[in-house]
$ cat upload.pdb   # PDB, C-alpha atoms
ATOM      1  CA  MET A  25      18.776 -11.013 -16.678  1.00  0.00           C
ATOM      2  CA  ASP A  26      21.832  -9.402 -15.084  1.00  0.00           C
ATOM      3  CA  GLU A  27      22.670 -11.363 -11.943  1.00  0.00           C
ATOM      4  CA  GLY A  28      23.748  -8.131 -10.231  1.00  0.00           C
ATOM      5  CA  VAL A  29      20.235  -6.698 -10.518  1.00  0.00           C
ATOM      6  CA  GLN A  30      17.847  -7.755  -7.785  1.00  0.00           C
ATOM      7  CA  GLN A  31      14.311  -8.675  -8.887  1.00  0.00           C
ATOM      8  CA  CYS A  32      11.888  -6.537  -6.895  1.00  0.00           C
ATOM      9  CA  THR A  33       8.350  -7.904  -6.551  1.00  0.00           C
ATOM     10  CA  LEU A  34       5.485  -6.858  -4.308  1.00  0.00           C
ATOM     11  CA  VAL A  35       2.029  -8.257  -3.628  1.00  0.00           C
ATOM     12  CA  VAL A  36      -0.888  -5.933  -2.965  1.00  0.00           C
ATOM     13  CA  VAL A  37      -4.069  -7.266  -1.380  1.00  0.00           C
ATOM     14  CA  GLY A  38      -7.351  -6.258  -2.997  1.00  0.00           C
ATOM     15  CA  ARG A  39     -11.013  -7.090  -2.518  1.00  0.00           C
ATOM     16  CA  CYS A  40     -13.468  -8.113  -5.232  1.00  0.00           C
ATOM     17  CA  GLN A  41     -16.267  -5.584  -5.783  1.00  0.00           C
ATOM     18  CA  GLN A  42     -18.786  -8.309  -6.602  1.00  0.00           C
ATOM     19  CA  THR A  43     -17.973 -11.134  -4.159  1.00  0.00           C
ATOM     20  CA  ARG A  44     -16.032  -9.144  -1.514  1.00  0.00           C
ATOM     21  CA  LYS A  45     -13.426 -11.946  -1.496  1.00  0.00           C
ATOM     22  CA  LEU A  46      -9.715 -11.181  -1.170  1.00  0.00           C
ATOM     23  CA  PHE A  47      -7.197 -11.412  -3.986  1.00  0.00           C
ATOM     24  CA  GLY A  48      -3.538 -10.563  -4.465  1.00  0.00           C
ATOM     25  CA  VAL A  49      -1.950  -8.655  -7.322  1.00  0.00           C
ATOM     26  CA  THR A  50       1.758  -9.162  -7.953  1.00  0.00           C
ATOM     27  CA  PHE A  51       3.765  -6.220  -9.266  1.00  0.00           C
ATOM     28  CA  LYS A  52       7.348  -6.334 -10.564  1.00  0.00           C
ATOM     29  CA  LEU A  53       9.556  -3.275 -10.726  1.00  0.00           C
ATOM     30  CA  GLN A  54      10.494  -2.443 -14.308  1.00  0.00           C
ATOM     31  CA  GLY A  55      12.646   0.635 -14.541  1.00  0.00           C
ATOM     32  CA  PHE A  56      12.652   3.460 -12.060  1.00  0.00           C
ATOM     33  CA  SER A  57       9.408   3.477 -10.018  1.00  0.00           C
ATOM     34  CA  HIS A  58       7.371   1.694 -12.706  1.00  0.00           C
ATOM     35  CA  TRP A  59       5.462  -1.332 -11.388  1.00  0.00           C
ATOM     36  CA  VAL A  60       3.928  -3.840 -13.805  1.00  0.00           C
ATOM     37  CA  SER A  61       1.474  -6.640 -13.045  1.00  0.00           C
ATOM     38  CA  GLU A  62       0.721  -9.735 -15.059  1.00  0.00           C
ATOM     39  CA  TRP A  63      -0.912 -11.824 -12.354  1.00  0.00           C
ATOM     40  CA  ALA A  64      -3.692 -11.893  -9.744  1.00  0.00           C
ATOM     41  CA  PHE A  65      -4.632 -14.767  -7.461  1.00  0.00           C
ATOM     42  CA  PRO A  66      -7.267 -15.586  -4.800  1.00  0.00           C
ATOM     43  CA  ILE A  67      -6.382 -15.226  -1.110  1.00  0.00           C
ATOM     44  CA  GLU A  68      -8.208 -17.024   1.675  1.00  0.00           C
ATOM     45  CA  GLU A  69      -9.795 -14.704   4.264  1.00  0.00           C
ATOM     46  CA  ASN A  70      -8.025 -16.440   7.142  1.00  0.00           C
ATOM     47  CA  VAL A  71      -4.488 -16.029   5.684  1.00  0.00           C
ATOM     48  CA  ASP A  72      -2.135 -14.128   7.996  1.00  0.00           C
ATOM     49  CA  ARG A  73      -1.311 -11.267   5.598  1.00  0.00           C
ATOM     50  CA  LYS A  74       1.365  -9.859   7.915  1.00  0.00           C
ATOM     51  CA  ARG A  75       3.149 -13.228   7.989  1.00  0.00           C
ATOM     52  CA  GLU A  76       2.899 -13.482   4.202  1.00  0.00           C
ATOM     53  CA  ARG A  77       4.352  -9.927   3.941  1.00  0.00           C
ATOM     54  CA  TYR A  78       1.740  -8.588   1.545  1.00  0.00           C
ATOM     55  CA  VAL A  79       2.808  -4.924   1.139  1.00  0.00           C
ATOM     56  CA  GLU A  80       4.975  -3.621   3.918  1.00  0.00           C
ATOM     57  CA  GLY A  81       5.358   0.147   3.996  1.00  0.00           C
ATOM     58  CA  SER A  82       4.619   2.491   1.139  1.00  0.00           C
ATOM     59  CA  VAL A  83       5.515   2.086  -2.528  1.00  0.00           C
ATOM     60  CA  GLN A  84       5.554   5.079  -4.885  1.00  0.00           C
ATOM     61  CA  GLY A  85       5.509   5.092  -8.665  1.00  0.00           C
ATOM     62  CA  SER A  86       3.337   4.274 -11.622  1.00  0.00           C
ATOM     63  CA  PHE A  87       1.330   1.042 -11.701  1.00  0.00           C
ATOM     64  CA  GLU A  88       0.351  -0.790 -14.874  1.00  0.00           C
ATOM     65  CA  LEU A  89      -1.676  -3.917 -15.612  1.00  0.00           C
ATOM     66  CA  VAL A  90      -0.330  -5.406 -18.846  1.00  0.00           C
ATOM     67  CA  SER A  91      -2.494  -6.931 -21.562  1.00  0.00           C
ATOM     68  CA  GLY A  92      -1.916 -10.454 -20.190  1.00  0.00           C
ATOM     69  CA  TYR A  93      -3.264  -9.520 -16.737  1.00  0.00           C
ATOM     70  CA  PRO A  94      -5.986 -12.134 -16.023  1.00  0.00           C
ATOM     71  CA  GLY A  95      -8.271  -9.838 -14.036  1.00  0.00           C
ATOM     72  CA  CYS A  96      -9.859 -10.444 -10.665  1.00  0.00           C
ATOM     73  CA  PRO A  97      -9.710 -14.170  -9.871  1.00  0.00           C
ATOM     74  CA  HIS A  98     -13.281 -14.027  -8.495  1.00  0.00           C
ATOM     75  CA  CYS A  99     -15.237 -11.983 -11.072  1.00  0.00           C
ATOM     76  CA  LYS A 100     -12.739 -11.390 -13.926  1.00  0.00           C
ATOM     77  CA  ASN A 101     -12.941  -7.567 -13.710  1.00  0.00           C
ATOM     78  CA  PRO A 102      -9.965  -6.482 -15.840  1.00  0.00           C
ATOM     79  CA  SER A 103      -8.614  -3.636 -13.707  1.00  0.00           C
ATOM     80  CA  ILE A 104      -8.215  -2.225 -10.183  1.00  0.00           C
ATOM     81  CA  PHE A 105      -8.888   1.048  -8.389  1.00  0.00           C
ATOM     82  CA  GLN A 106      -7.796   2.604  -5.116  1.00  0.00           C
ATOM     83  CA  CYS A 107     -10.366   4.292  -2.878  1.00  0.00           C
ATOM     84  CA  ALA A 108      -9.731   7.553  -1.025  1.00  0.00           C
ATOM     85  CA  ASN A 109      -8.752   5.530   2.073  1.00  0.00           C
ATOM     86  CA  GLY A 110      -6.060   3.613   0.171  1.00  0.00           C
ATOM     87  CA  HIS A 111      -7.869   0.293  -0.296  1.00  0.00           C
ATOM     88  CA  ILE A 112      -7.488  -1.669  -3.548  1.00  0.00           C
ATOM     89  CA  ALA A 113     -10.460  -3.306  -5.304  1.00  0.00           C
ATOM     90  CA  CYS A 114     -11.164  -4.818  -8.701  1.00  0.00           C
ATOM     91  CA  TRP A 115     -12.778  -2.581 -11.304  1.00  0.00           C
ATOM     92  CA  ASP A 116     -14.636  -3.189 -14.570  1.00  0.00           C
ATOM     93  CA  GLY A 117     -12.556  -0.520 -16.317  1.00  0.00           C
ATOM     94  CA  HIS A 118     -15.569   1.547 -17.366  1.00  0.00           C
ATOM     95  CA  THR A 119     -17.727   2.601 -14.414  1.00  0.00           C
ATOM     96  CA  LEU A 120     -16.504   5.966 -13.117  1.00  0.00           C
ATOM     97  CA  PHE A 121     -18.609   6.030  -9.927  1.00  0.00           C
ATOM     98  CA  VAL A 122     -17.501   3.194  -7.635  1.00  0.00           C
ATOM     99  CA  ALA A 123     -18.015   1.938  -4.080  1.00  0.00           C
ATOM    100  CA  CYS A 124     -15.154   0.421  -2.108  1.00  0.00           C
ATOM    101  CA  PRO A 125     -15.870  -3.155  -0.918  1.00  0.00           C
ATOM    102  CA  TRP A 126     -13.482  -2.624   2.041  1.00  0.00           C
ATOM    103  CA  CYS A 127     -14.814   0.540   3.685  1.00  0.00           C
ATOM    104  CA  GLY A 128     -17.946   1.450   1.746  1.00  0.00           C
ATOM    105  CA  SER A 129     -16.664   4.861   0.632  1.00  0.00           C
ATOM    106  CA  SER A 130     -17.902   5.839  -2.798  1.00  0.00           C
ATOM    107  CA  GLY A 131     -17.034   8.425  -5.380  1.00  0.00           C
ATOM    108  CA  LYS A 132     -15.947   9.197  -8.891  1.00  0.00           C
ATOM    109  CA  LEU A 133     -12.603   7.843 -10.089  1.00  0.00           C
ATOM    110  CA  THR A 134     -10.370  10.738 -11.034  1.00  0.00           C
ATOM    111  CA  GLU A 135      -6.688   9.806 -10.664  1.00  0.00           C
ATOM    112  CA  LYS A 136      -4.225   7.049 -11.487  1.00  0.00           C
ATOM    113  CA  ILE A 137      -2.753   5.029  -8.626  1.00  0.00           C
ATOM    114  CA  GLU A 138       0.594   6.595  -7.706  1.00  0.00           C
ATOM    115  CA  SER A 139       1.322   4.877  -4.402  1.00  0.00           C
ATOM    116  CA  MET A 140       0.252   1.821  -2.469  1.00  0.00           C
ATOM    117  CA  SER A 141       0.741   1.276   1.237  1.00  0.00           C
ATOM    118  CA  LYS A 142      -0.029  -1.199   3.952  1.00  0.00           C
ATOM    119  CA  SER A 143      -3.449   0.501   4.237  1.00  0.00           C
ATOM    120  CA  SER A 144      -4.227  -1.310   0.981  1.00  0.00           C
ATOM    121  CA  ASP A 145      -4.486  -4.590   2.877  1.00  0.00           C
ATOM    122  CA  ALA A 146      -5.987  -3.310   6.147  1.00  0.00           C
TER
END

$ encode --input "upload.pdb" --output "structure tokens"
Amino acid sequence: MDEGVQQCTLVVVGRCQQTRKLFGVTFKLQGFSHWVSEWAFPIEENVDRKRERYVEGSVQGSFELVSGYPGCPHCKNPSIFQCANGHIACWDGHTLFVACPWCGSSGKLTEKIESMSKSSDA
């Protein structure tokens, strides 16, 4: 890796659809505005997410979970979705009508995630 290039990584906080427990998803910037994730990990409910700096501000771009992505650390769902209010949750990759475990909003999945913001971990 070129030492002049800074590695840019972010952690987004999600919630498991089945257990409602928190988890983090790490994304690394690969190219211009293309974020790739290979890892997810459990987060304790009482962790100070502001102190840990899980997603500060808004991040734009495309988001991809690569084939080695382990899935939700609580239920092994292989993907994620973002609700209309900006919250991130695990997803089975097939069901098109989902309910958000953060806010309870429900609806049909229609778009790819193009931005993530601090509302994702609210």

$ resolve_selection --input "upload.pdb" --expression "the PyMOL selection byres ((chain A and resi 127-133) around 10)" --output "list in words"
Phe105, Gln106, Cys107, Ala108, Asn109, Gly110, His111, Thr119, Leu120, Phe121, Val122, Ala123, Cys124, Pro125, Trp126, Thr134, Glu135, Lys136 and Ala146 of chain A

$ atom_distance --input "upload.pdb" --atom1 "atom CA of Glu138 of chain A" --atom2 "atom CA of Ser61 of chain A"
14.3 Å

$ closest_residue --input "upload.pdb" --among "A:Asn70, A:Asn101, A:Ser57, A:Thr33" --to "Gln84 of chain A" --atoms "all atoms listed in the file"
A:Ser57

$ atom_distance --input "upload.pdb" --atom1 "atom CA of His118 of chain A" --atom2 "atom CA of Pro102 of chain A"
9.9 Å

$ resolve_selection --input "upload.pdb" --expression "the PyMOL selection byres ((chain A and resi 92-95) around 8)" --output "JSON, numbers by chain"
{"A": [61, 62, 63, 64, 89, 90, 91, 96, 97, 99, 100, 101, 102, 103, 114]}

$ resolve_selection --input "upload.pdb" --expression "the PyMOL selection byres ((chain A and resi 53) around 12)" --output "ChimeraX atom specification"
/A:29-35,50-52,54-62,83-88

$ closest_residue --input "upload.pdb" --among "A:Met140, A:His98, A:Glu69, A:Thr43" --to "Ile112 of chain A" --atoms "all atoms listed in the file"
A:Met140

$ atom_distance --input "upload.pdb" --atom1 "atom CA of Leu46 of chain A" --atom2 "atom CA of Pro66 of chain A"
6.2 Å
